[in-house]
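Here's the structure we're looking at; comments come further down.
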Amino acid sequence: MKKLFLISLIFLSCSPKEKKWKNLIINNSLDGWHIFQDDGTKKGWSVKDNILIFDTLSSLESGQADASILSNKMYSSFEIIFDWKIEKGGNSGFMWGVREDAAYKFPYQTGQEIQIIDVAAYETPEQILGGEIELNNILRDLDDRKHYLGAVYDLYAPTIKSPPNPAGQWNTYHIKIDQKNNYGFVKLNDSLINAFELRGDQWNVLYNQSKFSKSDDYPYLGEKRWYDFAKFSEGYICFQDHPGKSYFKNIKIRELED
């Protein structure tokens with residue numbers, strides 16, 4: 001009996017400890033973050049009262065280069081929780097698996113995105129910010145809802161049983177990306193609204209139906225197009241430069257064992 005107890009004690013002492021949650025807003029600053037391919041001229045992000053804020057014209061509206069914000073650290077498998085709010089008609093997103101090679105013009109050429117959007121735009125599309133491009137995105141997606149709140153953008157549509165808090169009010173995302181078990185999920189205000197594979201047969205079917213498989217139709221992306229989309233199991237996490245002011249707080253992450 002003593003021998004069994006000793007073996008159990010040794011096993012428990014050698015078991016990997018669950019990693020702790022880490023805050024990603026440090027010292028009420030942008031420490032730990034940088035703007036995508038920043039050449040010193042990009043702007044739009046700030047931190048005030050420990051809230052990460054995007055408050056400028058997006059690249060879509062300004063015609064300038066993408067100014068999404070990336071973590072300095074790369075992640076593979078993780079859970080992340082954060083509160084977010086956007087203005088009326090606004091649109092943002094959270095990405096993972098982002099790479100920053102100079103050949104890529106946008107983070108979404110490599111990273112998959114969990115959509116953040118004012119869902120009221122699906123009832124009155126004309127209120128969406130971002131002009132004709134964003135309006136057409138809504139109009140094409142009224143039935144499929146693969147661009148809807150909580151979607152894995154253009155791949156997995158969410159199932160939302162309880163409506164989110166409206167634009168201008170805080171909501172909470174809990175996102176899990178588990179490379180080892182080929183599984184991800186999105187919870188909105190503690191309710192599971194999307195669960196998905198990161199690769200495999202189902203993902204391949206949805207990918208082949210998505211815009212990401214039609215790279216030749218998007219020459220503005222450059223030579224890399226979407227050829228490296230979702231190819232990296234490790235990459236930066238990212239909050240998107242997109243139309244409308246957006247706010248993020250209580251951002252914390254926990255890495256998982258690969």
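We label chains A, B, ... in the order they appear in the structure tokens, count residues from 1 in each chain, and number ligands from 1 in the order shown.
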DSSP-assigned strand (DSSP E or B) among range 9-258 of chain A, expressed as a ChimeraX atom specification: /A:22-23,33-35,45-48,51-54,69-75,78-86,91-98,112-117,152,156,171-178,183-188,191-196,235-239,246-255
Include C-alpha atoms and write out the residues we just selected as a compact mmCIF listing (two decimals), in the first residue's frame.
# COMPACT_ATOMS: atom_id res chain seq x y z
CA LYS A 22 -1.53 35.83 -18.11
CA ASN A 23 -2.78 39.36 -18.63
CA TRP A 33 2.09 44.42 -28.83
CA HIS A 34 3.10 45.88 -32.17
CA ILE A 35 1.29 47.02 -35.31
CA TRP A 45 -4.02 51.87 -31.27
CA SER A 46 -3.72 53.07 -27.70
CA VAL A 47 -4.33 51.88 -24.17
CA LYS A 48 -6.35 53.93 -21.67
CA ILE A 51 -8.49 49.21 -22.39
CA LEU A 52 -6.94 48.51 -25.79
CA ILE A 53 -8.54 50.95 -28.23
CA PHE A 54 -8.62 51.23 -32.02
CA ILE A 69 -2.21 44.91 -33.86
CA LEU A 70 -0.23 41.73 -33.12
CA SER A 71 1.19 40.15 -30.00
CA ASN A 72 4.98 40.18 -29.79
CA LYS A 73 4.86 36.52 -28.75
CA MET A 74 3.78 33.62 -30.97
CA TYR A 75 1.22 31.12 -29.70
CA PHE A 78 -4.17 28.47 -26.06
CA GLU A 79 -7.31 29.81 -24.48
CA ILE A 80 -7.99 33.53 -24.52
CA ILE A 81 -10.70 35.54 -22.79
CA PHE A 82 -11.43 39.21 -23.44
CA ASP A 83 -14.23 41.74 -23.26
CA TRP A 84 -14.97 43.74 -26.40
CA LYS A 85 -17.28 46.42 -27.69
CA ILE A 86 -17.63 48.18 -31.03
CA ASN A 91 -16.58 45.41 -37.49
CA SER A 92 -13.44 43.85 -36.03
CA GLY A 93 -11.99 40.42 -35.40
CA PHE A 94 -9.56 38.23 -33.48
CA MET A 95 -7.01 36.17 -35.44
CA TRP A 96 -4.52 33.45 -34.62
CA GLY A 97 -1.72 31.77 -36.58
CA VAL A 98 -0.68 35.10 -38.12
CA GLN A 112 -7.95 32.58 -39.30
CA GLU A 113 -10.42 35.06 -37.80
CA ILE A 114 -13.20 34.96 -35.25
CA GLN A 115 -15.61 37.65 -36.40
CA ILE A 116 -16.68 40.63 -34.32
CA ILE A 117 -19.47 42.69 -35.87
CA VAL A 152 -14.70 31.50 -38.14
CA TYR A 156 -17.81 28.01 -39.86
CA ASN A 171 -19.53 41.46 -24.58
CA THR A 172 -17.12 38.67 -23.64
CA TYR A 173 -15.39 36.11 -25.85
CA HIS A 174 -13.77 32.93 -24.58
CA ILE A 175 -11.85 31.30 -27.45
CA LYS A 176 -9.96 28.02 -27.40
CA ILE A 177 -7.49 26.88 -30.05
CA ASP A 178 -6.23 23.35 -29.33
CA TYR A 183 -10.44 21.59 -31.84
CA GLY A 184 -11.53 25.15 -31.29
CA PHE A 185 -14.51 26.90 -29.78
CA VAL A 186 -16.01 30.34 -29.24
CA LYS A 187 -18.12 31.25 -26.25
CA LEU A 188 -20.06 34.50 -26.24
CA SER A 191 -22.64 30.53 -24.12
CA LEU A 192 -21.01 28.18 -26.66
CA ILE A 193 -21.77 29.59 -30.11
CA ASN A 194 -19.23 27.83 -32.33
CA ALA A 195 -17.10 24.68 -32.25
CA PHE A 196 -14.83 23.71 -35.11
CA GLY A 235 1.79 32.40 -35.02
CA TYR A 236 0.90 35.78 -33.60
CA ILE A 237 -2.52 36.59 -32.23
CA CYS A 238 -4.12 39.72 -33.64
CA PHE A 239 -6.91 42.25 -33.22
CA SER A 246 -13.25 48.98 -31.18
CA TYR A 247 -12.33 48.36 -27.56
CA PHE A 248 -10.81 45.36 -25.77
CA LYS A 249 -10.20 44.85 -22.06
CA ASN A 250 -9.52 42.13 -19.48
CA ILE A 251 -7.44 40.31 -22.11
CA LYS A 252 -5.89 37.18 -20.64
CA ILE A 253 -4.39 34.08 -22.21
CA ARG A 254 -3.42 30.60 -21.07
CA GLU A 255 -1.19 28.40 -23.18
Just asking: which residues within range 8-234 of chain A are helix (DSSP H, G or I) according to DSSP, as a compact mmCIF listing (two decimals) with C-alpha atoms, in the first residue's frame?
# COMPACT_ATOMS: atom_id res chain seq x y z
CA SER A 8 1.13 7.84 -7.04
CA LEU A 9 2.93 10.67 -5.30
CA ILE A 10 5.81 10.52 -7.78
CA PHE A 11 3.36 10.47 -10.72
CA LEU A 12 1.50 13.50 -9.42
CA SER A 13 4.70 15.41 -8.76
CA CYS A 14 5.86 14.73 -12.34
CA SER A 59 -7.07 50.68 -43.83
CA LEU A 60 -10.25 49.78 -45.71
CA GLU A 61 -11.48 53.36 -45.36
CA SER A 62 -8.17 55.22 -45.60
CA PRO A 107 -2.72 39.40 -41.32
CA TYR A 108 -5.69 37.50 -42.73
CA GLN A 109 -3.56 36.07 -45.52
CA VAL A 119 -25.23 42.10 -35.66
CA ALA A 120 -27.84 44.84 -36.20
CA ALA A 121 -26.26 45.29 -39.63
CA TYR A 122 -27.80 41.98 -40.67
CA PRO A 125 -27.22 46.34 -43.88
CA GLU A 126 -27.01 49.98 -44.92
CA GLN A 127 -25.76 50.89 -41.43
CA GLY A 131 -18.60 51.43 -47.61
CA GLU A 132 -19.52 49.21 -50.52
CA ILE A 133 -17.06 46.42 -49.70
CA GLU A 134 -18.50 45.78 -46.25
CA LEU A 135 -22.08 46.28 -47.45
CA ASN A 136 -21.61 43.61 -50.11
CA ASN A 137 -20.04 41.28 -47.53
CA ILE A 138 -23.23 41.53 -45.47
CA LEU A 139 -25.61 41.19 -48.41
CA ARG A 140 -23.87 38.05 -49.68
CA ASP A 201 -11.98 16.66 -43.95
CA GLN A 202 -14.69 19.02 -42.71
CA TRP A 203 -12.33 21.99 -42.73
CA ASN A 204 -11.20 21.11 -46.26
CA VAL A 205 -14.78 21.07 -47.54
CA LEU A 206 -15.54 24.45 -46.03
CA TYR A 207 -12.22 25.86 -47.22
CA ASN A 208 -12.97 24.79 -50.80
CA GLN A 209 -16.29 26.63 -50.58
CA LYS A 211 -12.99 32.77 -50.76
CA PHE A 212 -9.67 31.54 -49.40
CA SER A 213 -9.53 28.80 -52.03
CA SER A 215 -6.71 33.15 -54.60
CA ASP A 216 -6.52 33.97 -58.31
CA ASP A 217 -9.53 36.26 -57.87
CA PRO A 219 -4.56 39.98 -57.18
CA TYR A 220 -4.38 42.91 -54.71
CA LEU A 221 -3.05 40.44 -52.12
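Those residues that approach Gly90 in chain A to within 6 Å, counting only C-alpha atoms, are Ile117, Asp118, Leu129, Pro243 and Gly244 of chain A; same-chain residues fewer than 6 positions away are not listed.
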Residues just named, written with C-alpha atoms as an mmCIF file, in the first residue's frame:
data_model
loop_
_atom_site.group_PDB
_atom_site.id
_atom_site.type_symbol
_atom_site.label_atom_id
_atom_site.label_comp_id
_atom_site.auth_asym_id
_atom_site.auth_seq_id
_atom_site.Cartn_x
_atom_site.Cartn_y
_atom_site.Cartn_z
ATOM 1 C CA ILE A 117 -19.468 42.685 -35.869
ATOM 2 C CA ASP A 118 -22.539 44.725 -35.014
ATOM 3 C CA LEU A 129 -19.371 50.957 -41.803
ATOM 4 C CA PRO A 243 -14.102 49.997 -39.820
ATOM 5 C CA GLY A 244 -15.398 51.505 -36.602
#
List the neighbours of Lys105 in chain A out to 12 Å using only C-alpha atoms; skip same-chain residues closer than 3 positions along the sequence, and give me the result as a PyMOL selection string. chain A and resi 36-38+59+64-68+98-102+108-110+219-226
Write the residues of the selection above to a file with N, CA and C atoms, as an mmCIF file, in the first residue's frame.
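Just written: again_23.cif:
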data_model
loop_
_atom_site.group_PDB
_atom_site.id
_atom_site.type_symbol
_atom_site.label_atom_id
_atom_site.label_comp_id
_atom_site.auth_asym_id
_atom_site.auth_seq_id
_atom_site.Cartn_x
_atom_site.Cartn_y
_atom_site.Cartn_z
ATOM 1 N N PHE A 36 1.079 45.540 -37.193
ATOM 2 C CA PHE A 36 1.501 44.687 -38.304
ATOM 3 C C PHE A 36 2.424 45.438 -39.261
ATOM 4 N N GLN A 37 3.632 44.902 -39.426
ATOM 5 C CA GLN A 37 4.621 45.473 -40.349
ATOM 6 C C GLN A 37 4.752 46.995 -40.193
ATOM 7 N N ASP A 38 4.874 47.414 -38.963
ATOM 8 C CA ASP A 38 4.941 48.858 -38.693
ATOM 9 C C ASP A 38 6.265 49.438 -39.193
ATOM 10 N N SER A 59 -7.733 50.730 -42.528
ATOM 11 C CA SER A 59 -7.066 50.677 -43.829
ATOM 12 C C SER A 59 -8.080 50.580 -44.962
ATOM 13 N N GLN A 64 -4.772 53.143 -46.767
ATOM 14 C CA GLN A 64 -3.398 52.946 -46.333
ATOM 15 C C GLN A 64 -3.166 51.484 -45.968
ATOM 16 N N ALA A 65 -1.937 51.155 -45.585
ATOM 17 C CA ALA A 65 -1.580 49.766 -45.269
ATOM 18 C C ALA A 65 -2.253 49.306 -43.984
ATOM 19 N N ASP A 66 -2.419 48.000 -43.859
ATOM 20 C CA ASP A 66 -3.101 47.397 -42.720
ATOM 21 C C ASP A 66 -2.398 47.755 -41.411
ATOM 22 N N ALA A 67 -3.190 48.104 -40.394
ATOM 23 C CA ALA A 67 -2.644 48.488 -39.092
ATOM 24 C C ALA A 67 -3.229 47.641 -37.972
ATOM 25 N N SER A 68 -3.515 46.375 -38.263
ATOM 26 C CA SER A 68 -3.941 45.472 -37.193
ATOM 27 C C SER A 68 -2.835 45.358 -36.158
ATOM 28 N N VAL A 98 -1.090 34.040 -37.196
ATOM 29 C CA VAL A 98 -0.685 35.101 -38.116
ATOM 30 C C VAL A 98 0.842 35.112 -38.253
ATOM 31 N N ARG A 99 1.300 35.268 -39.473
ATOM 32 C CA ARG A 99 2.723 35.464 -39.748
ATOM 33 C C ARG A 99 2.937 36.845 -40.363
ATOM 34 N N GLU A 100 4.182 37.339 -40.242
ATOM 35 C CA GLU A 100 4.444 38.730 -40.573
ATOM 36 C C GLU A 100 5.527 38.884 -41.645
ATOM 37 N N ASP A 101 5.699 37.894 -42.465
ATOM 38 C CA ASP A 101 6.654 37.995 -43.565
ATOM 39 C C ASP A 101 6.264 39.180 -44.461
ATOM 40 N N ALA A 102 7.267 39.850 -44.996
ATOM 41 C CA ALA A 102 7.013 41.026 -45.838
ATOM 42 C C ALA A 102 6.190 40.700 -47.075
ATOM 43 N N TYR A 108 -4.746 38.561 -42.374
ATOM 44 C CA TYR A 108 -5.694 37.504 -42.725
ATOM 45 C C TYR A 108 -5.256 36.682 -43.936
ATOM 46 N N GLN A 109 -4.095 36.969 -44.486
ATOM 47 C CA GLN A 109 -3.557 36.066 -45.517
ATOM 48 C C GLN A 109 -3.021 34.778 -44.902
ATOM 49 N N THR A 110 -2.725 34.816 -43.620
ATOM 50 C CA THR A 110 -2.242 33.616 -42.929
ATOM 51 C C THR A 110 -3.137 33.216 -41.771
ATOM 52 N N PRO A 219 -5.940 39.581 -56.846
ATOM 53 C CA PRO A 219 -4.557 39.978 -57.177
ATOM 54 C C PRO A 219 -4.003 41.051 -56.250
ATOM 55 N N TYR A 220 -4.875 41.848 -55.586
ATOM 56 C CA TYR A 220 -4.382 42.908 -54.710
ATOM 57 C C TYR A 220 -3.621 42.352 -53.514
ATOM 58 N N LEU A 221 -3.754 41.052 -53.243
ATOM 59 C CA LEU A 221 -3.050 40.440 -52.120
ATOM 60 C C LEU A 221 -1.572 40.198 -52.423
ATOM 61 N N GLY A 222 -1.175 40.295 -53.674
ATOM 62 C CA GLY A 222 0.206 40.040 -54.036
ATOM 63 C C GLY A 222 0.441 38.582 -54.394
ATOM 64 N N GLU A 223 1.695 38.221 -54.573
ATOM 65 C CA GLU A 223 2.029 36.870 -55.034
ATOM 66 C C GLU A 223 1.588 35.783 -54.058
ATOM 67 N N LYS A 224 1.607 36.087 -52.783
ATOM 68 C CA LYS A 224 1.268 35.072 -51.777
ATOM 69 C C LYS A 224 -0.229 34.774 -51.709
ATOM 70 N N ARG A 225 -1.028 35.725 -52.209
ATOM 71 C CA ARG A 225 -2.486 35.553 -52.158
ATOM 72 C C ARG A 225 -2.895 34.966 -50.800
ATOM 73 N N TRP A 226 -3.727 33.895 -50.858
ATOM 74 C CA TRP A 226 -4.112 33.148 -49.659
ATOM 75 C C TRP A 226 -3.459 31.759 -49.644
#
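A straight line drawn from CA of Asn50 in chain A to CA of Trp21 in chain A is 16.8 Å long.
Note that CA of His242 in chain A and CA of Phe106 in chain A are 11.6 Å apart.
Once Lys231 in chain A and its same-chain neighbours fewer than 2 positions away are set aside, Gly97, Thr110, Gly111, Tyr227, Asp228, Phe229 and Ser233 of chain A remain within 9 Å of it when counting only C-alpha atoms.
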How about saving the chosen residues, C-alpha atoms kept, as a short mmCIF file (atom, residue, chain, number, x, y, z; two decimals), in the first residue's frame?
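Final file, selection.cif:
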data_model
loop_
_atom_site.label_atom_id
_atom_site.label_comp_id
_atom_site.auth_asym_id
_atom_site.auth_seq_id
_atom_site.Cartn_x
_atom_site.Cartn_y
_atom_site.Cartn_z
CA GLY A 97 -1.72 31.77 -36.58
CA THR A 110 -2.24 33.62 -42.93
CA GLY A 111 -4.45 33.87 -39.85
CA TYR A 227 -1.76 30.28 -50.48
CA ASP A 228 -0.49 30.21 -46.87
CA PHE A 229 -3.88 30.72 -45.24
CA SER A 233 -0.02 26.06 -36.20
#
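When CA of Asp144 in chain A is paired with CA of Ile160 in chain A, their separation reads 13.4 Å.
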Just want the 7 Å neighbourhood of Asn182 in chain A, counted on only C-alpha atoms, with same-chain residues fewer than 6 positions away dropped. Output as a ChimeraX atom specification. /A:197-199
Dump of N, CA and C atoms for the selected residues, as a tab-separated table (two decimals), in the first residue's frame:
chain	number	residue	atom	x	y	z
A	197	GLU	N	-13.24	22.28	-36.21
A	197	GLU	CA	-11.95	21.65	-36.44
A	197	GLU	C	-10.97	22.69	-36.97
A	198	LEU	N	-9.71	22.48	-36.69
A	198	LEU	CA	-8.66	23.36	-37.19
A	198	LEU	C	-8.08	22.87	-38.51
A	199	ARG	N	-8.36	21.62	-38.83
A	199	ARG	CA	-7.88	20.98	-40.07
A	199	ARG	C	-8.67	19.70	-40.25
